[in-house]
Structures are given as structure tokens and as C-alpha cells.
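> Sharing run-v5.tsv, TSV, C-alpha atoms:
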chain	number	residue	atom	x	y	z
A	23	MET	CA	126.01	133.36	149.82
A	24	LYS	CA	127.42	136.88	149.89
A	25	TYR	CA	126.08	139.31	152.42
A	26	PHE	CA	128.17	142.25	151.27
A	27	ASP	CA	128.83	142.66	147.58
A	28	ILE	CA	131.49	145.37	147.75
A	29	ASP	CA	131.42	145.98	143.98
A	30	ARG	CA	127.71	146.68	144.06
A	31	ILE	CA	128.06	148.95	147.09
A	32	TRP	CA	130.81	150.96	145.36
A	33	SER	CA	128.82	151.24	142.15
A	34	TYR	CA	125.77	152.53	144.06
A	35	LEU	CA	127.90	154.98	146.01
A	36	ILE	CA	129.58	156.32	142.88
A	37	GLY	CA	126.21	156.58	141.14
A	38	VAL	CA	124.76	158.60	144.02
A	39	LEU	CA	127.76	160.95	144.06
A	40	ILE	CA	127.63	161.48	140.30
A	41	SER	CA	123.90	162.16	140.37
A	42	PHE	CA	124.35	164.72	143.17
A	43	PHE	CA	127.29	166.58	141.60
A	44	GLU	CA	126.09	166.42	137.99
A	45	PRO	CA	123.95	169.59	138.17
A	46	ILE	CA	126.73	171.66	139.78
A	47	TYR	CA	129.99	170.40	138.28
A	48	VAL	CA	130.04	173.12	135.59
A	49	THR	CA	129.33	175.75	138.25
A	50	ILE	CA	132.20	174.50	140.40
A	51	LEU	CA	134.49	174.37	137.36
A	52	TRP	CA	133.74	178.00	136.46
A	53	MET	CA	134.25	179.00	140.08
A	54	LEU	CA	137.68	177.30	139.99
A	55	ILE	CA	138.55	179.18	136.80
A	56	PHE	CA	137.66	182.53	138.41
A	57	ILE	CA	139.73	181.69	141.51
A	58	VAL	CA	142.78	180.63	139.48
A	59	VAL	CA	142.61	183.75	137.30
A	60	ASP	CA	142.26	185.89	140.45
A	61	MET	CA	145.35	184.20	141.90
A	62	ALA	CA	147.31	184.69	138.66
A	63	THR	CA	146.39	188.37	138.39
A	64	GLY	CA	147.17	188.84	142.09
A	65	ILE	CA	150.62	187.31	141.60
A	66	TYR	CA	151.22	189.51	138.57
A	67	ALA	CA	150.09	192.64	140.44
A	68	ALA	CA	152.37	191.77	143.36
A	69	TYR	CA	155.25	191.17	140.95
A	70	CYS	CA	154.64	194.54	139.29
A	71	LYS	CA	154.69	196.25	142.70
A	72	GLY	CA	157.89	194.42	143.71
A	73	GLN	CA	156.22	192.52	146.55
A	74	LYS	CA	157.18	189.11	147.86
A	75	ILE	CA	155.04	186.15	146.88
A	76	THR	CA	154.99	183.47	149.57
A	77	SER	CA	153.48	180.02	149.74
A	78	HIS	CA	151.53	181.07	152.84
A	79	LYS	CA	149.68	183.69	150.82
A	80	MET	CA	149.13	181.27	147.95
A	81	GLN	CA	147.69	178.76	150.42
A	82	ARG	CA	144.75	181.13	150.86
A	83	THR	CA	143.69	180.33	147.28
A	84	VAL	CA	143.37	176.63	148.14
A	85	VAL	CA	141.42	177.44	151.29
A	86	LYS	CA	139.23	179.85	149.31
A	87	PHE	CA	138.41	177.18	146.72
A	88	LEU	CA	137.60	174.61	149.41
A	89	MET	CA	135.37	177.03	151.32
A	90	TYR	CA	133.62	178.30	148.19
A	91	GLY	CA	133.20	174.76	146.85
A	92	THR	CA	131.76	173.60	150.17
A	93	THR	CA	129.37	176.54	150.12
A	94	ILE	CA	128.12	175.65	146.62
A	95	ILE	CA	127.69	171.98	147.58
A	96	LEU	CA	125.78	172.88	150.77
A	97	LEU	CA	123.56	175.32	148.88
A	98	GLU	CA	122.79	172.63	146.29
A	99	GLY	CA	121.98	170.11	149.02
A	100	PHE	CA	119.80	172.59	150.88
A	101	ASP	CA	117.99	173.54	147.68
A	102	LYS	CA	117.54	169.94	146.55
A	103	TYR	CA	116.55	168.28	149.83
A	104	PHE	CA	115.08	170.95	152.11
A	105	VAL	CA	113.42	173.47	149.81
A	106	THR	CA	111.57	170.81	147.84
A	107	LEU	CA	108.48	172.74	146.76
A	108	VAL	CA	110.32	175.30	144.63
A	109	ASP	CA	113.67	175.04	142.87
A	110	CYS	CA	115.32	178.24	144.04
A	111	GLY	CA	118.67	177.65	142.34
A	112	LEU	CA	120.53	178.58	145.51
A	113	SER	CA	123.82	177.06	144.31
A	114	THR	CA	123.64	179.13	141.13
A	115	ILE	CA	122.85	182.28	143.08
A	116	GLY	CA	125.73	181.60	145.48
A	117	ALA	CA	128.15	180.85	142.63
A	118	THR	CA	127.08	184.03	140.84
A	119	ILE	CA	127.90	186.12	143.90
A	120	ILE	CA	131.22	184.31	144.44
A	121	CYS	CA	132.28	184.63	140.80
A	122	GLY	CA	131.16	188.27	140.72
A	123	ILE	CA	133.37	189.09	143.69
A	124	GLU	CA	136.26	187.17	142.11
A	125	LEU	CA	135.71	189.12	138.87
A	126	TYR	CA	135.84	192.37	140.84
A	127	SER	CA	139.13	191.22	142.39
A	128	ILE	CA	140.53	190.26	138.97
A	129	PHE	CA	139.78	193.71	137.55
A	130	GLU	CA	141.20	195.35	140.66
A	131	ASN	CA	144.42	193.30	140.35
A	132	CYS	CA	144.70	194.19	136.66
A	133	TYR	CA	144.30	197.89	137.47
A	134	LYS	CA	146.93	197.69	140.20
A	135	ALA	CA	149.32	195.89	137.84
A	136	THR	CA	148.85	198.06	134.76
A	137	GLY	CA	147.32	201.34	135.91
A	138	ASN	CA	145.05	201.11	132.85
A	139	ILE	CA	141.86	203.11	133.41
A	140	VAL	CA	139.80	200.48	131.58
A	141	PHE	CA	140.32	198.10	134.52
A	142	LYS	CA	139.39	200.84	137.00
A	143	VAL	CA	136.12	201.43	135.11
A	144	LEU	CA	135.42	197.67	134.97
A	145	THR	CA	136.19	197.42	138.70
A	146	GLN	CA	133.72	200.21	139.49
A	147	PHE	CA	131.08	198.77	137.14
A	148	THR	CA	131.38	195.30	138.68
A	149	LYS	CA	131.29	196.74	142.19
A	150	THR	CA	128.16	198.76	141.43
A	151	LYS	CA	126.37	195.79	139.85
A	152	LEU	CA	127.25	193.49	142.75
A	153	GLU	CA	126.13	196.03	145.33
A	154	ASP	CA	122.88	196.72	143.45
A	155	LYS	CA	122.01	193.05	143.00
A	156	THR	CA	123.08	191.72	146.41
A	157	GLY	CA	122.67	194.72	148.71
A	158	VAL	CA	126.15	194.06	150.13
A	159	HIS	CA	128.66	196.91	150.23
A	160	ILE	CA	132.08	195.96	148.84
A	161	GLU	CA	135.01	197.81	150.36
A	162	GLU	CA	137.79	198.77	148.01
A	163	LYS	CA	141.37	198.16	149.03
A	164	LYS	CA	143.31	201.35	149.38
A	165	ASP	CA	146.74	201.58	147.78
A	166	GLU	CA	148.41	201.30	151.20
A	167	GLU	CA	146.50	198.09	151.97
A	168	PHE	CA	147.38	196.66	148.57
A	169	ASN	CA	151.05	197.44	149.06
A	170	ASN	CA	151.01	195.61	152.42
A	171	ASN	CA	149.25	192.51	151.04
A	172	SER	CA	150.77	191.01	147.92
A	173	ILE	CA	147.97	188.57	147.05
A	174	ARG	CA	144.27	188.89	147.79
Show how you would write the structure in this file as C-alpha cells.


Amino acid sequence: MKYFDIDRIWSYLIGVLISFFEPIYVTILWMLIFIVVDMATGIYAAYCKGQKITSHKMQRTVVKFLMYGTTIILLEGFDKYFVTLVDCGLSTIGATIICGIELYSIFENCYKATGNIVFKVLTQFTKTKLEDKTGVHIEEKKDEEFNNNSIR
């Protein structure tokens, strides 16, 4: 007689994890895409400005993804298990804000790298939309700040 069927325990555990992450895996994937593109455009902008690119600065991208991912997971858990009467879509709202800020940063990096006015207009448009929808003021990096920090 078996008291602990380890195969059954693992299958239940994996099933629970899959069922929890299934609604948000696409959201997390898109968030990862925005973060990677932001990193790539930040590296390119730093390269165009002749700035050093260090592993310490690139490490911030990994930390950013872990913190953002944790935030999305916690919002999904809070929405699913604590706010049970109404589905608020908190993880989607959080991911929208995160990806919007990353998009702003991508456009800003592209403008810094190319000087193309199209990216400046897109930066301003994204900033205005984010501020209007969230009520949070986004501070722009000044050229001096950008020159001192190679990657955002």
C-alpha cells in the first residue's frame, strides 16, 4: 500500500500551475517582448551615443522582468482569489500600464538613437495617453541624464 504516490502528486501540482498561469501566459509573453525590445533599443541608443554597455546595466533588464512578472502574477492571484464577485482584470490592467511605459521607453530610445522626429512625436503621444489613462505623470529623461545612463 502506497501512502505517497509521487507521480500523482506531481501531476496534480503541474495541473494546478498550468491552470493558474494559462490565463496570463500570453500577457507575460508580450510583456517579455516589450522588455527585450526596450533593452535592444537602449543598447542601440547607447551605442549611437558612444556610451559603454556593461553587464551590470543589462542585469537591470532581468530584474525588471522578474519584478514585472511577479507583479502580473500577484495581480492575477488577487483578482482571482480575493476579488471574487467581479472579474476586474487587474493583471491585464497592470500589464497594459507596464507595456505602455516600456513602449514609451522604446520610442524614447529610438529618438535618442536616430534623432528622427517621428519617434519624438510617438514618445509624446504615448506619454500623453499614459498620463491621461493612469493619472500618473511620466518624467522625461533630459539629454544630460541620458548621456550619463547608457541603458534605461

> Grab the CA of Ile65 (chain A) to CA of Val84 (chain A) distance for me, in Å with one decimal place.

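These two atoms are separated by 14.5 Å.
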
> So, counting only C-alpha atoms, which residue among A:Thr63, A:Ile46, A:Lys151, A:Lys74 is closest to Leu97 (chain A)?

A:Ile46

> Dump as a ChimeraX atom specification all residues having an atom at most 12 Å from (138.4, 201.6, 138.6), computed in the file's coordinates with all atoms listed in the file.

/A:126-134,136-150,162-164

> So, counting all atoms listed in the file, which residue among A:Ile119, A:Ile95, A:Leu112, A:Ala135 is closest to Phe43 (chain A)?

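Checking each candidate against Phe43 (chain A), we get A:Ile95 as the closest.
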
> Could you tell me how far CA of Leu125 (chain A) lies from CA of Asp60 (chain A), in Å and to one decimal?

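Interatomic distance here is 7.5 Å.
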
> Between A:Glu161, A:Asp27, A:Glu44, A:Asp101, which residue has the minimum interatomic distance to Ile123 (chain A), considering only C-alpha atoms?

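Result for the nearest residue to Ile123 (chain A): A:Glu161.
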
> Would you compute an axis-aligned box for region 55-60 of chain A, covering every atom listed for it in the file with 3 Å of margin on each side, and report centre and edge lengths in Å to one decimal as JSON?


{"center_x": 140.2, "center_y": 182.5, "center_z": 139.2, "size_x": 11.1, "size_y": 12.7, "size_z": 10.7}

> Using only C-alpha atoms, which residue out of A:Ser41, A:Phe56, A:Glu98, A:Tyr69 lies closest to Ser113 (chain A)?

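Nearest to Ser113 (chain A): A:Glu98.
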
> Quick one: distance from CA of Met53 (chain A) to CA of Cys121 (chain A) in Å, one decimal?

6.0 Å

> Counting all atoms listed in the file, what is within 9 Å of Tyr90 (chain A), bar same-chain residues fewer than 3 positions away, as a PyMOL selection string?

chain A and resi 50+53+85-87+93-95+116-117+120

> Any chance you could model N, CA and C atoms for region 26-41 of chain A and send them as an mmCIF file, in the frame of the given file?


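Contents of the output file selection_16.cif:
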data_model
loop_
_atom_site.group_PDB
_atom_site.id
_atom_site.type_symbol
_atom_site.label_atom_id
_atom_site.label_comp_id
_atom_site.auth_asym_id
_atom_site.auth_seq_id
_atom_site.Cartn_x
_atom_site.Cartn_y
_atom_site.Cartn_z
ATOM 1 N N PHE A 26 127.709 140.938 151.701
ATOM 2 C CA PHE A 26 128.170 142.250 151.270
ATOM 3 C C PHE A 26 128.863 142.117 149.920
ATOM 4 N N ASP A 27 128.223 142.640 148.908
ATOM 5 C CA ASP A 27 128.830 142.660 147.580
ATOM 6 C C ASP A 27 129.476 144.038 147.422
ATOM 7 N N ILE A 28 130.776 144.094 147.709
ATOM 8 C CA ILE A 28 131.490 145.370 147.750
ATOM 9 C C ILE A 28 131.458 146.089 146.401
ATOM 10 N N ASP A 29 131.481 145.346 145.301
ATOM 11 C CA ASP A 29 131.420 145.980 143.980
ATOM 12 C C ASP A 29 130.099 146.693 143.772
ATOM 13 N N ARG A 30 129.032 146.072 144.202
ATOM 14 C CA ARG A 30 127.710 146.680 144.060
ATOM 15 C C ARG A 30 127.579 147.911 144.966
ATOM 16 N N ILE A 31 128.112 147.814 146.168
ATOM 17 C CA ILE A 31 128.060 148.950 147.090
ATOM 18 C C ILE A 31 128.809 150.142 146.502
ATOM 19 N N TRP A 32 130.022 149.897 145.972
ATOM 20 C CA TRP A 32 130.810 150.960 145.360
ATOM 21 C C TRP A 32 130.094 151.559 144.153
ATOM 22 N N SER A 33 129.503 150.717 143.332
ATOM 23 C CA SER A 33 128.820 151.240 142.150
ATOM 24 C C SER A 33 127.619 152.104 142.542
ATOM 25 N N TYR A 34 126.876 151.695 143.575
ATOM 26 C CA TYR A 34 125.770 152.530 144.060
ATOM 27 C C TYR A 34 126.284 153.847 144.623
ATOM 28 N N LEU A 35 127.346 153.785 145.411
ATOM 29 C CA LEU A 35 127.900 154.980 146.010
ATOM 30 C C LEU A 35 128.385 155.960 144.943
ATOM 31 N N ILE A 36 129.100 155.464 143.965
ATOM 32 C CA ILE A 36 129.580 156.320 142.880
ATOM 33 C C ILE A 36 128.414 156.894 142.088
ATOM 34 N N GLY A 37 127.394 156.102 141.849
ATOM 35 C CA GLY A 37 126.210 156.580 141.140
ATOM 36 C C GLY A 37 125.505 157.702 141.888
ATOM 37 N N VAL A 38 125.389 157.554 143.206
ATOM 38 C CA VAL A 38 124.760 158.600 144.020
ATOM 39 C C VAL A 38 125.582 159.879 143.978
ATOM 40 N N LEU A 39 126.906 159.768 144.108
ATOM 41 C CA LEU A 39 127.760 160.950 144.060
ATOM 42 C C LEU A 39 127.691 161.659 142.711
ATOM 43 N N ILE A 40 127.718 160.889 141.638
ATOM 44 C CA ILE A 40 127.630 161.480 140.300
ATOM 45 C C ILE A 40 126.289 162.172 140.102
ATOM 46 N N SER A 41 125.222 161.551 140.556
ATOM 47 C CA SER A 41 123.900 162.160 140.370
ATOM 48 C C SER A 41 123.749 163.437 141.205
#
